[in-house]
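The next block is coords.pdb, given as PDB, C-alpha atoms.
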```pdb
ATOM      1  CA  MET A  55       0.000   0.000   0.000
ATOM      2  CA  SER A  56       2.939   2.355   0.690
ATOM      3  CA  ASN A  57       4.005   2.061  -2.977
ATOM      4  CA  LEU A  58       0.489   2.909  -4.124
ATOM      5  CA  ASN A  59       0.412   5.932  -1.847
ATOM      6  CA  ALA A  60       3.422   7.282  -3.691
ATOM      7  CA  LEU A  61       1.318   7.623  -6.864
ATOM      8  CA  PRO A  62      -0.209  10.971  -7.860
ATOM      9  CA  GLN A  63      -3.746  11.678  -6.640
ATOM     10  CA  GLU A  64      -5.102  11.717 -10.203
ATOM     11  CA  LEU A  65      -3.785   8.218 -10.887
ATOM     12  CA  LEU A  66      -5.197   6.878  -7.637
ATOM     13  CA  LEU A  67      -8.582   8.302  -8.603
ATOM     14  CA  LEU A  68      -8.413   6.549 -11.975
ATOM     15  CA  ILE A  69      -7.654   3.285 -10.182
ATOM     16  CA  SER A  70     -10.543   3.828  -7.783
ATOM     17  CA  ASN A  71     -12.927   4.371 -10.684
ATOM     18  CA  CYS A  72     -12.105   0.885 -11.983
ATOM     19  CA  LEU A  73     -13.039  -0.868  -8.727
ATOM     20  CA  GLU A  74     -16.256  -2.747  -8.053
ATOM     21  CA  PRO A  75     -18.421  -1.725  -5.075
ATOM     22  CA  ALA A  76     -17.118  -4.543  -2.866
ATOM     23  CA  GLU A  77     -13.536  -3.539  -3.710
ATOM     24  CA  LEU A  78     -14.281   0.113  -2.965
ATOM     25  CA  ALA A  79     -15.689  -0.900   0.402
ATOM     26  CA  ALA A  80     -12.502  -2.839   1.120
ATOM     27  CA  VAL A  81     -10.109  -0.021   0.230
ATOM     28  CA  CYS A  82     -12.166   2.378   2.371
ATOM     29  CA  ARG A  83     -10.905   0.382   5.343
ATOM     30  CA  THR A  84      -7.185   0.653   4.487
ATOM     31  CA  CYS A  85      -6.214   4.249   5.279
ATOM     32  CA  ILE A  86      -7.530   7.810   5.427
ATOM     33  CA  ARG A  87      -6.302   8.727   1.949
ATOM     34  CA  TRP A  88      -7.944   5.766   0.231
ATOM     35  CA  ARG A  89     -11.120   6.256   2.219
ATOM     36  CA  ALA A  90     -11.326   9.867   1.021
ATOM     37  CA  LEU A  91     -10.941   8.664  -2.575
ATOM     38  CA  ALA A  92     -13.209   5.627  -2.488
ATOM     39  CA  LEU A  93     -16.071   6.701  -0.236
ATOM     40  CA  PRO A  94     -17.599   9.253  -2.654
ATOM     41  CA  LEU A  95     -17.442   6.673  -5.450
ATOM     42  CA  LEU A  96     -19.037   4.018  -3.251
ATOM     43  CA  TYR A  97     -21.982   6.227  -2.275
ATOM     44  CA  ASN A  98     -22.347   8.186  -5.518
ATOM     45  CA  GLU A  99     -24.506   5.460  -7.107
ATOM     46  CA  PRO A 100     -24.911   2.581  -4.642
ATOM     47  CA  VAL A 101     -25.632  -0.867  -6.047
ATOM     48  CA  LEU A 102     -28.708  -2.084  -4.179
ATOM     49  CA  ASP A 103     -29.609  -5.531  -5.482
ATOM     50  CA  ARG A 104     -30.403  -7.220  -2.146
ATOM     51  CA  TRP A 105     -32.727  -6.159   0.630
ATOM     52  CA  SER A 106     -29.957  -6.641   3.194
ATOM     53  CA  THR A 107     -27.666  -4.344   1.179
ATOM     54  CA  PHE A 108     -30.402  -1.745   0.944
ATOM     55  CA  ALA A 109     -31.046  -1.933   4.694
ATOM     56  CA  LYS A 110     -27.347  -1.389   5.467
ATOM     57  CA  PHE A 111     -27.161   1.538   3.050
ATOM     58  CA  GLU A 112     -30.324   3.049   4.531
ATOM     59  CA  ALA A 113     -28.969   2.763   8.073
ATOM     60  CA  ALA A 114     -25.665   4.347   7.045
ATOM     61  CA  VAL A 115     -27.129   7.452   5.367
ATOM     62  CA  LEU A 116     -29.726   7.956   8.088
ATOM     63  CA  ALA A 117     -26.959   7.852  10.703
ATOM     64  CA  SER A 118     -24.547  10.114   8.813
ATOM     65  CA  ALA A 119     -25.518  13.297   6.971
ATOM     66  CA  ALA A 120     -22.039  13.302   5.410
ATOM     67  CA  LEU A 121     -22.656   9.932   3.755
ATOM     68  CA  GLY A 122     -26.134  10.916   2.607
ATOM     69  CA  SER A 123     -24.741  14.039   0.970
ATOM     70  CA  LEU A 124     -22.509  11.862  -1.240
ATOM     71  CA  VAL A 125     -25.427  10.066  -2.915
ATOM     72  CA  ARG A 126     -26.191  11.371  -6.398
ATOM     73  CA  HIS A 127     -28.119   8.509  -8.015
ATOM     74  CA  LEU A 128     -30.550   6.304  -6.097
ATOM     75  CA  ASP A 129     -31.896   3.352  -8.058
ATOM     76  CA  LEU A 130     -34.248   1.072  -6.125
ATOM     77  CA  CYS A 131     -35.592  -0.858  -9.108
ATOM     78  CA  SER A 132     -33.401  -3.880  -8.318
ATOM     79  CA  VAL A 133     -34.196  -4.032  -4.601
ATOM     80  CA  PRO A 134     -36.256  -7.185  -4.000
ATOM     81  CA  HIS A 135     -39.455  -6.934  -1.947
ATOM     82  CA  ARG A 136     -39.474  -3.128  -2.193
ATOM     83  CA  TRP A 137     -43.146  -3.375  -3.185
ATOM     84  CA  ASP A 138     -44.148  -4.656   0.247
ATOM     85  CA  LYS A 139     -41.229  -3.758   2.562
ATOM     86  CA  LEU A 140     -40.537  -0.140   1.640
ATOM     87  CA  SER A 141     -43.180   2.040   3.288
ATOM     88  CA  GLN A 142     -43.898   5.579   2.201
ATOM     89  CA  ALA A 143     -42.515   6.978   5.473
ATOM     90  CA  ARG A 144     -39.341   4.968   5.020
ATOM     91  CA  ALA A 145     -38.907   6.160   1.441
ATOM     92  CA  ASP A 146     -39.459   9.778   2.466
ATOM     93  CA  SER A 147     -36.881   9.538   5.266
ATOM     94  CA  LEU A 148     -34.325   8.069   2.871
ATOM     95  CA  ILE A 149     -34.894  10.846   0.335
ATOM     96  CA  ARG A 150     -34.509  13.541   2.985
ATOM     97  CA  ALA A 151     -31.200  11.937   3.971
ATOM     98  CA  CYS A 152     -29.889  12.289   0.381
ATOM     99  CA  PRO A 153     -30.372  15.988  -0.469
ATOM    100  CA  ASN A 154     -27.917  16.063  -3.389
ATOM    101  CA  LEU A 155     -29.727  13.494  -5.516
ATOM    102  CA  LEU A 156     -29.629  14.010  -9.267
ATOM    103  CA  SER A 157     -31.767  10.973 -10.105
ATOM    104  CA  ILE A 158     -34.080   8.575  -8.319
ATOM    105  CA  ASP A 159     -35.820   5.426  -9.547
ATOM    106  CA  LEU A 160     -38.736   4.181  -7.436
ATOM    107  CA  GLU A 161     -40.163   1.700  -9.923
ATOM    108  CA  LEU A 162     -42.741  -0.593  -8.314
ATOM    109  CA  CYS A 163     -42.382   0.899  -4.855
ATOM    110  CA  SER A 164     -46.054   0.178  -4.399
ATOM    111  CA  SER A 165     -46.510   1.787  -0.982
ATOM    112  CA  VAL A 166     -45.231   5.148  -2.181
ATOM    113  CA  GLY A 167     -47.870   7.870  -2.513
ATOM    114  CA  ASN A 168     -48.051  11.610  -3.106
ATOM    115  CA  SER A 169     -45.965  12.449  -0.072
ATOM    116  CA  THR A 170     -42.853  10.982  -1.732
ATOM    117  CA  PRO A 171     -42.696  13.213  -4.851
ATOM    118  CA  THR A 172     -43.508  16.118  -2.522
ATOM    119  CA  THR A 173     -40.500  15.135  -0.389
ATOM    120  CA  ILE A 174     -38.318  14.869  -3.501
ATOM    121  CA  ALA A 175     -39.295  18.396  -4.547
ATOM    122  CA  ALA A 176     -38.718  19.821  -1.069
ATOM    123  CA  SER A 177     -35.450  18.046  -0.262
ATOM    124  CA  CYS A 178     -33.622  17.478  -3.562
ATOM    125  CA  LYS A 179     -33.270  20.831  -5.302
ATOM    126  CA  ARG A 180     -30.828  19.484  -7.901
ATOM    127  CA  ILE A 181     -32.937  16.494  -8.986
ATOM    128  CA  GLN A 182     -32.997  16.001 -12.749
ATOM    129  CA  SER A 183     -34.553  12.568 -13.244
ATOM    130  CA  VAL A 184     -37.492  10.972 -11.411
ATOM    131  CA  THR A 185     -38.939   7.530 -12.141
ATOM    132  CA  LEU A 186     -42.264   6.688 -10.497
ATOM    133  CA  THR A 187     -43.530   3.952 -12.800
ATOM    134  CA  GLN A 188     -45.989   1.549 -11.152
ATOM    135  CA  CYS A 189     -46.211   3.632  -7.973
ATOM    136  CA  ALA A 190     -49.947   3.418  -8.519
ATOM    137  CA  LYS A 191     -50.986   5.366  -5.413
ATOM    138  CA  ILE A 192     -49.557   8.552  -6.865
ATOM    139  CA  THR A 193     -52.165  10.951  -8.265
ATOM    140  CA  ASP A 194     -52.078  14.375  -9.891
ATOM    141  CA  ALA A 195     -51.124  15.979  -6.565
ATOM    142  CA  GLY A 196     -47.817  14.093  -6.537
ATOM    143  CA  ILE A 197     -46.959  14.990 -10.123
ATOM    144  CA  VAL A 198     -47.890  18.639  -9.519
ATOM    145  CA  ALA A 199     -45.460  18.699  -6.581
ATOM    146  CA  LEU A 200     -42.598  17.789  -8.918
ATOM    147  CA  GLY A 201     -43.174  21.074 -10.698
ATOM    148  CA  ALA A 202     -41.136  22.598  -7.859
ATOM    149  CA  CYS A 203     -37.994  20.814  -9.139
ATOM    150  CA  PRO A 204     -36.226  23.527 -11.158
ATOM    151  CA  GLU A 205     -33.787  21.148 -12.867
ATOM    152  CA  LEU A 206     -36.256  18.382 -13.762
ATOM    153  CA  ARG A 207     -35.434  16.981 -17.192
ATOM    154  CA  PHE A 208     -36.620  13.370 -17.182
ATOM    155  CA  LEU A 209     -39.911  12.172 -15.712
ATOM    156  CA  ASP A 210     -41.258   8.631 -15.893
ATOM    157  CA  ALA A 211     -44.848   8.784 -14.650
ATOM    158  CA  SER A 212     -45.910   5.706 -16.582
ATOM    159  CA  ARG A 213     -48.440   3.177 -15.345
ATOM    160  CA  LEU A 214     -49.950   5.672 -12.916
ATOM    161  CA  PRO A 215     -53.672   5.223 -13.602
ATOM    162  CA  ARG A 216     -54.627   8.110 -11.297
ATOM    163  CA  VAL A 217     -52.666  10.733 -13.213
ATOM    164  CA  THR A 218     -54.672  12.949 -15.570
ATOM    165  CA  ASP A 219     -54.387  16.083 -17.696
ATOM    166  CA  LEU A 220     -54.503  18.247 -14.574
ATOM    167  CA  SER A 221     -50.915  17.561 -13.555
ATOM    168  CA  ILE A 222     -49.468  17.329 -17.064
ATOM    169  CA  VAL A 223     -50.939  20.718 -17.970
ATOM    170  CA  HIS A 224     -49.327  22.117 -14.837
ATOM    171  CA  LEU A 225     -45.905  20.679 -15.674
ATOM    172  CA  CYS A 226     -46.156  22.327 -19.085
ATOM    173  CA  THR A 227     -46.275  25.705 -17.333
ATOM    174  CA  VAL A 228     -43.609  25.225 -14.671
ATOM    175  CA  ALA A 229     -41.110  22.603 -15.967
ATOM    176  CA  PRO A 230     -39.659  24.084 -19.157
ATOM    177  CA  ARG A 231     -36.502  21.941 -18.965
ATOM    178  CA  LEU A 232     -38.347  18.644 -19.450
ATOM    179  CA  GLU A 233     -36.709  16.592 -22.194
ATOM    180  CA  SER A 234     -38.278  13.174 -21.594
ATOM    181  CA  LEU A 235     -41.859  12.545 -20.474
ATOM    182  CA  ASN A 236     -43.166   8.999 -20.066
ATOM    183  CA  ILE A 237     -46.909   9.120 -19.385
ATOM    184  CA  ALA A 238     -47.786   5.672 -20.740
ATOM    185  CA  ALA A 239     -50.895   4.107 -19.189
ATOM    186  CA  THR A 240     -52.117   7.312 -17.577
ATOM    187  CA  ARG A 241     -55.457   9.083 -18.079
ATOM    188  CA  VAL A 242     -54.058  11.922 -20.193
ATOM    189  CA  THR A 243     -55.933  13.087 -23.280
ATOM    190  CA  ASP A 244     -54.984  14.565 -26.637
ATOM    191  CA  LYS A 245     -55.185  18.132 -25.335
ATOM    192  CA  ALA A 246     -52.611  17.763 -22.578
ATOM    193  CA  VAL A 247     -50.183  16.130 -25.004
ATOM    194  CA  ARG A 248     -50.682  18.872 -27.583
ATOM    195  CA  LEU A 249     -49.989  21.449 -24.894
ATOM    196  CA  ALA A 250     -46.801  19.585 -23.988
ATOM    197  CA  PHE A 251     -45.738  19.723 -27.629
ATOM    198  CA  GLN A 252     -46.350  23.483 -27.625
ATOM    199  CA  LYS A 253     -44.890  24.463 -24.261
ATOM    200  CA  LEU A 254     -42.038  22.030 -23.602
ATOM    201  CA  LEU A 255     -39.546  23.373 -26.105
ATOM    202  CA  LYS A 256     -36.750  21.042 -24.972
ATOM    203  CA  LEU A 257     -38.886  17.909 -25.259
ATOM    204  CA  LYS A 258     -37.169  15.067 -27.124
ATOM    205  CA  TYR A 259     -39.118  11.980 -26.040
ATOM    206  CA  VAL A 260     -42.689  11.208 -25.005
ATOM    207  CA  ASP A 261     -44.301   7.811 -24.389
ATOM    208  CA  LEU A 262     -48.071   7.633 -24.900
ATOM    209  CA  SER A 263     -48.486   3.850 -24.895
ATOM    210  CA  ALA A 264     -51.777   2.546 -23.453
ATOM    211  CA  CYS A 265     -53.176   6.067 -22.965
ATOM    212  CA  TYR A 266     -56.727   5.008 -23.728
ATOM    213  CA  ASN A 267     -58.218   8.482 -23.239
ATOM    214  CA  ILE A 268     -56.340   9.729 -26.276
ATOM    215  CA  GLU A 269     -58.857   9.778 -29.106
ATOM    216  CA  ASP A 270     -56.573   9.921 -32.157
ATOM    217  CA  VAL A 271     -53.097   8.608 -31.427
ATOM    218  CA  ASP A 272     -51.969   8.675 -35.054
ATOM    219  CA  ALA A 273     -52.929  12.319 -35.497
ATOM    220  CA  LEU A 274     -51.206  13.195 -32.239
ATOM    221  CA  VAL A 275     -47.996  11.454 -33.277
ATOM    222  CA  ALA A 276     -48.114  13.239 -36.610
ATOM    223  CA  SER A 277     -48.446  16.597 -34.830
ATOM    224  CA  ALA A 278     -45.313  16.086 -32.736
ATOM    225  CA  PRO A 279     -42.649  18.728 -33.351
ATOM    226  CA  GLU A 280     -39.620  17.761 -35.378
ATOM    227  CA  GLY A 281     -37.045  16.044 -33.195
ATOM    228  CA  VAL A 282     -39.548  14.673 -30.657
ATOM    229  CA  GLU A 283     -39.656  10.867 -30.561
ATOM    230  CA  THR A 284     -43.205   9.746 -29.792
ATOM    231  CA  VAL A 285     -43.666   6.144 -28.653
ATOM    232  CA  THR A 286     -47.042   4.378 -28.593
ATOM    233  CA  ASP A 287     -46.185   0.695 -28.325
ATOM    234  CA  SER A 288     -43.939   0.208 -25.288
ATOM    235  CA  LEU A 289     -46.681  -1.630 -23.354
ATOM    236  CA  GLU A 290     -48.729  -4.641 -24.303
ATOM    237  CA  PRO A 291     -52.536  -4.236 -24.139
ATOM    238  CA  GLY A 292     -53.731  -5.049 -20.632
ATOM    239  CA  ALA A 293     -50.244  -4.774 -19.125
ATOM    240  CA  ALA A 294     -51.136  -1.736 -17.019
ATOM    241  CA  GLU A 295     -53.697  -1.131 -14.302
ATOM    242  CA  TRP A 296     -56.792   0.823 -15.333
ATOM    243  CA  ILE A 297     -59.323   2.353 -12.980
ATOM    244  CA  GLY A 298     -63.086   2.507 -13.341
ATOM    245  CA  GLU A 299     -65.076   5.586 -14.282
ATOM    246  CA  ASP A 300     -66.464   6.076 -10.752
ATOM    247  CA  GLU A 301     -62.983   6.376  -9.294
ATOM    248  CA  ALA A 302     -61.921   8.538 -12.228
ATOM    249  CA  ASP A 303     -64.798  10.959 -11.580
ATOM    250  CA  ALA A 304     -63.911  11.121  -7.876
ATOM    251  CA  LEU A 305     -60.293  11.863  -8.755
ATOM    252  CA  ALA A 306     -61.386  14.638 -11.112
ATOM    253  CA  GLU A 307     -63.342  16.260  -8.276
ATOM    254  CA  GLN A 308     -60.358  15.943  -5.924
ATOM    255  CA  GLY A 309     -58.128  17.461  -8.582
ATOM    256  CA  LEU A 310     -60.341  20.492  -9.002
ATOM    257  CA  GLU A 311     -60.300  21.023  -5.237
ATOM    258  CA  ALA A 312     -56.581  21.701  -5.619
ATOM    259  CA  PHE A 313     -57.505  24.945  -7.367
ATOM    260  CA  GLY A 314     -58.027  27.318  -4.463
ATOM    261  CA  PRO A 315     -60.920  29.742  -4.045
ATOM    262  CA  ASP A 316     -58.891  32.436  -5.827
ATOM    263  CA  GLY A 317     -59.156  30.413  -9.015
ATOM    264  CA  GLN A 318     -55.466  29.615  -9.245
ATOM    265  CA  LEU A 319     -53.759  26.234  -9.450
ATOM    266  CA  TRP A 320     -52.335  25.372  -6.046
ATOM    267  CA  SER A 321     -48.795  24.070  -5.938
ATOM    268  CA  VAL A 322     -45.497  24.805  -4.265
ATOM    269  CA  ALA A 323     -44.007  25.342  -7.695
ATOM    270  CA  ALA A 324     -46.504  27.988  -8.734
ATOM    271  CA  ALA A 325     -46.253  29.781  -5.394
ATOM    272  CA  SER A 326     -42.460  29.944  -5.620
ATOM    273  CA  ALA A 327     -42.096  30.588  -9.359
ATOM    274  CA  SER A 328     -39.591  33.339 -10.022
ATOM    275  CA  ASN A 329     -42.102  35.374 -11.985
ATOM    276  CA  GLY A 330     -44.949  34.683  -9.585
ATOM    277  CA  ASP A 331     -47.133  33.247 -12.347
ATOM    278  CA  THR A 332     -49.746  30.603 -11.656
ATOM    279  CA  PHE A 333     -52.013  28.740 -14.028
ATOM    280  CA  PRO A 334     -55.572  30.132 -13.964
ATOM    281  CA  ILE A 335     -58.247  27.504 -13.531
ATOM    282  CA  SER A 336     -60.395  29.512 -15.943
ATOM    283  CA  ASP A 337     -57.872  28.831 -18.713
ATOM    284  CA  TYR A 338     -57.865  25.150 -17.859
ATOM    285  CA  LEU A 339     -61.647  24.923 -17.857
ATOM    286  CA  LEU A 340     -61.859  26.572 -21.248
ATOM    287  CA  GLU A 341     -59.804  23.745 -22.643
ATOM    288  CA  PHE A 342     -60.773  20.751 -20.561
ATOM    289  CA  GLY A 343     -64.234  21.263 -19.073
ATOM    290  CA  SER A 344     -65.312  21.543 -15.458
ATOM    291  CA  ASN A 345     -64.973  17.844 -14.718
ATOM    292  CA  GLY A 346     -61.343  17.596 -15.781
ATOM    293  CA  SER A 347     -62.280  15.841 -19.024
ATOM    294  CA  PRO A 348     -61.885  17.179 -22.550
ATOM    295  CA  SER A 349     -64.450  19.843 -23.298
ATOM    296  CA  SER A 350     -67.470  18.639 -25.247
ATOM    297  CA  THR A 351     -67.320  21.792 -27.365
ATOM    298  CA  ASP A 352     -64.387  20.513 -29.441
TER
END
```

Could you spell out this file's structure in structure tokens?
Amino acid sequence: MSNLNALPQELLLLISNCLEPAELAAVCRTCIRWRALALPLLYNEPVLDRWSTFAKFEAAVLASAALGSLVRHLDLCSVPHRWDKLSQARADSLIRACPNLLSIDLELCSSVGNSTPTTIAASCKRIQSVTLTQCAKITDAGIVALGACPELRFLDASRLPRVTDLSIVHLCTVAPRLESLNIAATRVTDKAVRLAFQKLLKLKYVDLSACYNIEDVDALVASAPEGVETVTDSLEPGAAEWIGEDEADALAEQGLEAFGPDGQLWSVAAASASNGDTFPISDYLLEFGSNGSPSSTD
């Protein structure tokens, strides 16, 4: 080890970058210099492919703010039993412990609800990529909360059957950096997608697979701006959950309650927007009708 310590710092860093997670963990235990080199690499993007590994990582970042601050990418999609073991409170605590996150993948974290995207927006100001696919408890309120993420570029809100035009319209007004939007198997309609095409000038990719409320998919694809890849076949028919009309109507009513008595769309993002702008409910109703569905006057 003494011979290695004689090498320049830059060369030691190159060596560290070639090590596997288990090897990084081992060199962290050798000396202070190697620990300083390896620890940020070990926690930057932790490999969490076992529940026991996840539990150890969770305990470490909850116990040490310094370790939590090193985490940049948190991918839980390979953690077994996350769908029944990872509670919403537990997920929220973990996110708060990792304030410098750039990306998070919560695929199939079934217990996660609207509080989790709200926690992401409040705690992770640098977040650029959020994956919430198959977190079926999340509704428009959770997606609206993500509008408070100023650097948001990639959003996977696919297979969220309780997400509608309400939240997508809002993102179009407050998330101008969005480049990738996966809203497959949601309740969005043609109008919200057209608005996304108009407002999201950096948009490069949108997934509309299994969006059964879209009336004319072919026409919508044809209307996509040049340079925007529009996907409509990433999911097999019946592969995603779909909710009944009664629940959909109830969700529409709950969504409209989010527009306060002053007629403005409630959200942290709108309240804290640099220009103070909010999205008038009157404008929304002109386009989508009072029940959150496409206007019958089309």

>> Could you tell me, as a VMD selection string, exactly which residues end up selected when the PyMOL selection byres ((chain A and resi 251-262) around 9) is applied to this structure?
In response: chain A and resid 207 212 225 to 227 229 to 240 242 246 to 250 263 to 265 268 271 277 to 279 281 to 288

How close does each residue of stretch 186-225 of chain A get to stretch 133-146 of chain A, giving the shortest atom pair and distance in Å to one decimal for every residue with an atom at most 12 Å away, counting all atoms listed in the file, sorted by chain and residue number, as a tab-separated table?
```
residue	atom	partner	partner_atom	distance
A:Gln188	CA	A:Trp137	CA	9.8
A:Cys189	CA	A:Trp137	CA	9.0
A:Ala190	CA	A:Trp137	CA	11.0
A:Lys191	CA	A:Gln142	CA	10.4
A:Ile192	CA	A:Gln142	CA	11.1
```

Once you have the residues from the selection above, write them out as a compact mmCIF listing (two decimals), in the frame of the given file, restricted to C-alpha atoms.
```txt
# COMPACT_ATOMS: atom_id res chain seq x y z
CA GLN A 188 -45.99 1.55 -11.15
CA CYS A 189 -46.21 3.63 -7.97
CA ALA A 190 -49.95 3.42 -8.52
CA LYS A 191 -50.99 5.37 -5.41
CA ILE A 192 -49.56 8.55 -6.86
```

> Between atom CA of A:Ala92 and atom CA of A:Leu130, what is the spacing in Å?
Replying inline: 21.8 Å

> Which polymer residues have any atom within 8 Å of an atom of A:Arg180, counting only C-alpha atoms, with same-chain residues fewer than 6 positions away left out, as a count of residues only?
Replying inline: 6

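Residues matched by the PyMOL selection byres ((chain A and resi 97) around 10) in this file: A:Pro75, A:Leu78, A:Ala79, A:Ala92, A:Leu93, A:Pro94, A:Leu95, A:Leu96, A:Asn98, A:Glu99, A:Pro100, A:Val101, A:Phe111, A:Val115, A:Leu121, A:Gly122, A:Ser123, A:Leu124, A:Val125, A:Arg126, A:His127, A:Leu128.
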
Mind writing the picked residues with C-alpha atoms as a PDB file, in the frame of the given file?
```pdb
ATOM      1  CA  PRO A  75     -18.421  -1.725  -5.075  1.00  0.00           C
ATOM      2  CA  LEU A  78     -14.281   0.113  -2.965  1.00  0.00           C
ATOM      3  CA  ALA A  79     -15.689  -0.900   0.402  1.00  0.00           C
ATOM      4  CA  ALA A  92     -13.209   5.627  -2.488  1.00  0.00           C
ATOM      5  CA  LEU A  93     -16.071   6.701  -0.236  1.00  0.00           C
ATOM      6  CA  PRO A  94     -17.599   9.253  -2.654  1.00  0.00           C
ATOM      7  CA  LEU A  95     -17.442   6.673  -5.450  1.00  0.00           C
ATOM      8  CA  LEU A  96     -19.037   4.018  -3.251  1.00  0.00           C
ATOM      9  CA  ASN A  98     -22.347   8.186  -5.518  1.00  0.00           C
ATOM     10  CA  GLU A  99     -24.506   5.460  -7.107  1.00  0.00           C
ATOM     11  CA  PRO A 100     -24.911   2.581  -4.642  1.00  0.00           C
ATOM     12  CA  VAL A 101     -25.632  -0.867  -6.047  1.00  0.00           C
ATOM     13  CA  PHE A 111     -27.161   1.538   3.050  1.00  0.00           C
ATOM     14  CA  VAL A 115     -27.129   7.452   5.367  1.00  0.00           C
ATOM     15  CA  LEU A 121     -22.656   9.932   3.755  1.00  0.00           C
ATOM     16  CA  GLY A 122     -26.134  10.916   2.607  1.00  0.00           C
ATOM     17  CA  SER A 123     -24.741  14.039   0.970  1.00  0.00           C
ATOM     18  CA  LEU A 124     -22.509  11.862  -1.240  1.00  0.00           C
ATOM     19  CA  VAL A 125     -25.427  10.066  -2.915  1.00  0.00           C
ATOM     20  CA  ARG A 126     -26.191  11.371  -6.398  1.00  0.00           C
ATOM     21  CA  HIS A 127     -28.119   8.509  -8.015  1.00  0.00           C
ATOM     22  CA  LEU A 128     -30.550   6.304  -6.097  1.00  0.00           C
TER      23      LEU A 128
END
```

> So which residues touch A:Val217 within 8 Å, counting only C-alpha atoms, skipping near sequence neighbours fewer than 3 positions away, as a PyMOL selection string?
Replying inline: chain A and resi 192-194+197+214+220-221+240-242
